[in-house]
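Input: a single structure, listed below in structure tokens.
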Amino acid sequence: MEPASGAVMAEENLSDLLRRRWTSVVGVFAGPAIDPAIIRQRVRFMERNIGIWVKAVIAPALFWFLFNPNTFTSLTAPREDVLHYLRNYTLIMTAVTVGYGIVLWGMDELATRFLERVVYIVAMLDLAFLAAITLFCGGFDSILYWVFLGLVIRNAAVIPNAEVQVLVNLTGCACYVLSGVLDIALTRIENVVLDSYSGGPSTEMMQEGASEPFESLVLRVLLLLLMTAVCLGLQVLLDRQRQREAESREFALKQEQLEAAGRLAAEIAHQLKNPLGIINNAAYTLHKTVKEGKTITQQIAIIREEVARSDRIITDLMGYARLAEGRVERIGLAEILEQSLEVAFPPGSGFQVQVHRDYVDPLPSLLGQRVHFLEIFTNLLVNAREAMNGVGHVWIGAKATPDYSVQVTIHDSGPGIPSDQLGRVWEAYFTTKDRGTGLGLAIVKHNAEMYGGRVRVDSEVGKGATFTINLPARTLMRLQ
Ligand code: ADP
């Protein structure tokens, strides 16, 4: 909402702005938030069912290769020293892999966050280890290069977080380059050592062929980077596709539920209206004919009053029949908050209310009928405005919570609600205003609960009132 002329002021500082910019840049690459169940499923399949067994098969061959004295018969310093470190590194990695196997074995007992972290670290260590072995298998030209490509694909499958995935895979590229460069450096030193013994032309020979490895290196690194980008792009596309499918399933379900509720309400209202009308007519006739006996006329009056009350309730119920007509849509939370602000504080209306927004878009979206969410936030804002007599401060906060819901808090600087009234404010027809209907908060509660949400009020007299609304946004925040 535009800061209304002399009325509503939006406050946004520099850090909010930077936060907003950064989130939108990263948001382009980030897929939707991932359901922990999906993360576990991926780790189970890629790491527990495949990865760890592949390592178990490779390990003996690797040991035989590295620790067999016949493998490296002609190594000279400094490569021999490096081999010594590599052997130690292999032993450490074996211990790490055994530990990793134990973690994977007991993964059902572990928190998803912890499991994720372990997977990230192991992915990094694997790449670094592969780079170390590459040093002894031909450097840039090593056949192990293809294993780097394999690890990039494995990382894409097992690390759903786009930023971490890119970071790990770029580290992989860097490890490969580093091992190639080290290989060249070590070869040069070795040649210099050999030259000093033989005085031969080995260094010249090396320089002649120098441009060829460089080209092949560039190509190989480009292929690695390309694979990183393609894997990421593919994953984001697939994730979004799944998200869309989940969304449309949820759309259809919500629409169906609301329509069913609407049809039921209309049916009940229709069925009850008729007998009520008959009772009302009968009571009216009775009232006219029975003139004597004051108690009877009083009783009849009570019947007619209660009939009128039931009729009002049924009319309300009929209002729910509207549910069948509305359209379920995906609604941006920030957008609906702005829209509600505009309704509660129309530009130029002259309210001296300062609005403090404590949220940064993009916020999760809601799925439902716009009118219901609009009613929730508008009613709360109008109440805040009325409580402050149009002069004061309103703080609106919105955030996603770990349980896949969004939480909106609306706090005002009004007089607050006395503790004896706190429990009653959600009741229909409860009002302390001369011209109030007492329906505003009942509607807020009803609408929120209709979508599986929760409402809460906290207040202290003299310190304003805080209304907290939690609305589920599960489908839109997770992957299916
Ligand atoms: P109405 O606004 O018609 O009275 P509501 O259901 O919206 O109906 O509100 C019920 C009562 O709750 C109000 O009459 C008021 O006493 C109290 N109330 C609601 N919001 C606030 C608020 N922000 N500050 C103080 N009291 C409030």
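Chain lettering (A, B, ...) mirrors the order of the structure tokens, residue numbering begins at 1 for each chain separately, and ligand numbering begins at 1 in order of display.
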
So which residues are near ligand 1, meaning at most 7 Å away with only C-alpha atoms and all ligand atoms counted, given back as a list in words?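 Those within range of ligand 1 are Asn379, Leu380, Asn383, Ala384, Ala387, Asp412, Gly414, Pro415, Gly416, Ile417, Val425, Trp426, Ala428, Tyr429, Phe430, Thr431, Thr432, Lys433, Gly436, Thr437, Gly438, Leu439, Gly440, Leu441, Ala442, Gly464 and Ala465 of chain A.
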
Looking only at the backbone, which of the residues in segment 280-380 of chain A does DSSP tag as strand (DSSP E), as a PyMOL selection string? chain A and resi 328-332+352-358+365-369

Selection: 10 Å around Glu335 of chain A, only C-alpha atoms, excl. self and same-chain fewer than 4 positions, as an NGL selection string: :A and (1 or 331 or 339-341 or 361-363 or 365)

Between A:Ala123, A:Val158, A:Ala398, A:Val57, which residue has the minimum interatomic distance to His356 of chain A, considering only C-alpha atoms?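 Residue with the minimum atom-to-atom distance to His356 of chain A: A:Ala398.
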
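Taking only C-alpha atoms into account, Glu250 of chain A lies nearest to A:Tyr451 out of the set A:Cys231, A:Phe345, A:Val181, A:Tyr451.
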
Set the distance at 10 Å and use only C-alpha atoms: which residues neighbour Glu338 of chain A once local chain neighbours fewer than 4 positions away are removed? I'd like the list as a ChimeraX atom specification. /A:1-2,333-334,342-344,357,374,377-378

Pick out the residues sitting within 12 Å of Val96 of chain A, and hand them over as a PyMOL selection string; count only C-alpha atoms, and ignore anything fewer than 3 positions along from it in its own chain. chain A and resi 52+55+89-93+99-103+118-119+121-123+125-126+129

Export of prior selection with C-alpha atoms as a PDB file, in the first residue's frame:
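After the write, out.pdb holds the following:
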```
ATOM      1  CA  ILE A  52      27.700 -46.566   0.744  1.00  0.00           C
ATOM      2  CA  LYS A  55      32.223 -47.202  -1.513  1.00  0.00           C
ATOM      3  CA  TYR A  89      44.110 -39.555   4.340  1.00  0.00           C
ATOM      4  CA  THR A  90      42.713 -42.842   2.994  1.00  0.00           C
ATOM      5  CA  LEU A  91      42.724 -44.342   6.459  1.00  0.00           C
ATOM      6  CA  ILE A  92      40.930 -41.269   7.826  1.00  0.00           C
ATOM      7  CA  MET A  93      38.383 -41.389   4.997  1.00  0.00           C
ATOM      8  CA  GLY A  99      30.939 -43.485  10.600  1.00  0.00           C
ATOM      9  CA  TYR A 100      28.823 -42.298   7.710  1.00  0.00           C
ATOM     10  CA  GLY A 101      27.538 -45.834   7.205  1.00  0.00           C
ATOM     11  CA  ILE A 102      26.509 -45.976  10.868  1.00  0.00           C
ATOM     12  CA  VAL A 103      24.756 -42.592  10.545  1.00  0.00           C
ATOM     13  CA  VAL A 118      26.402 -34.871   7.522  1.00  0.00           C
ATOM     14  CA  VAL A 119      25.560 -35.466   3.850  1.00  0.00           C
ATOM     15  CA  ILE A 121      30.211 -32.630   4.748  1.00  0.00           C
ATOM     16  CA  VAL A 122      30.670 -36.134   3.322  1.00  0.00           C
ATOM     17  CA  ALA A 123      29.969 -34.829  -0.203  1.00  0.00           C
ATOM     18  CA  LEU A 125      35.168 -34.810   1.726  1.00  0.00           C
ATOM     19  CA  ASP A 126      34.475 -37.247  -1.126  1.00  0.00           C
ATOM     20  CA  PHE A 129      39.556 -37.275  -1.524  1.00  0.00           C
TER      21      PHE A 129
END
```

Between atom CA of Asn281 of chain A and atom CA of Glu305 of chain A, distance in Å (one decimal): 12.6 Å

Length of the atom CA of Gly332 of chain A to atom CA of Pro364 of chain A vector [Å]: 6.8 Å

Of A:Leu110, A:Ala473, A:Ala266, A:Met227, the one sitting nearest Arg154 of chain A when using only C-alpha atoms is A:Met227

Contacts of Gly368 of chain A at 10 Å or less, counting only C-alpha atoms, minus same-chain residues fewer than 5 places along, as a list in words?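 These residues fall inside the cut-off: Glu250, Phe251, Lys254, Gln255, Leu258, Gly326, Arg327, Val328, Glu329, Arg330, Ile331, Phe373, Met450 and Tyr451 of chain A.
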
DSSP on the backbone: which residues in segment 213-438 of chain A end up as helix (DSSP H, G or I)? Give the answer as an MDAnalysis selection string. chainID A and resid 213:289 294:324 333:344 370:387 419:422

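As for atom CA of Ala95 of chain A and atom CA of Asn161 of chain A, they are spaced 26.9 Å apart.
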
Nearest to Gln41 of chain A among A:Pro60, A:Gly423, A:Gly138, A:Pro160, with distances taken over only C-alpha atoms: which residue is it?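 For Gln41 of chain A, the nearest of the candidates is A:Pro160.
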
Compile the contact shell of Ile300 of chain A as a ChimeraX atom specification: residues with an atom at most 7 Å away, counting only C-alpha atoms, same-chain residues fewer than 4 positions apart removed. /A:283,287,296,304

Store the residues picked out above, limited to N, CA and C atoms, as a PDB file, in the first residue's frame.
```pdb
ATOM      1  N   ALA A 283     -47.430 -19.662  15.968  1.00  0.00           N
ATOM      2  CA  ALA A 283     -47.289 -18.875  17.196  1.00  0.00           C
ATOM      3  C   ALA A 283     -48.011 -17.537  17.056  1.00  0.00           C
ATOM      4  N   HIS A 287     -51.080 -16.409  19.341  1.00  0.00           N
ATOM      5  CA  HIS A 287     -50.969 -15.159  20.080  1.00  0.00           C
ATOM      6  C   HIS A 287     -52.214 -14.302  19.909  1.00  0.00           C
ATOM      7  N   ILE A 296     -49.268 -17.390  29.134  1.00  0.00           N
ATOM      8  CA  ILE A 296     -49.272 -18.013  27.804  1.00  0.00           C
ATOM      9  C   ILE A 296     -48.748 -17.033  26.768  1.00  0.00           C
ATOM     10  N   ARG A 304     -41.662 -16.922  19.661  1.00  0.00           N
ATOM     11  CA  ARG A 304     -41.480 -16.099  18.455  1.00  0.00           C
ATOM     12  C   ARG A 304     -40.078 -15.466  18.437  1.00  0.00           C
TER      13      ARG A 304
END
```
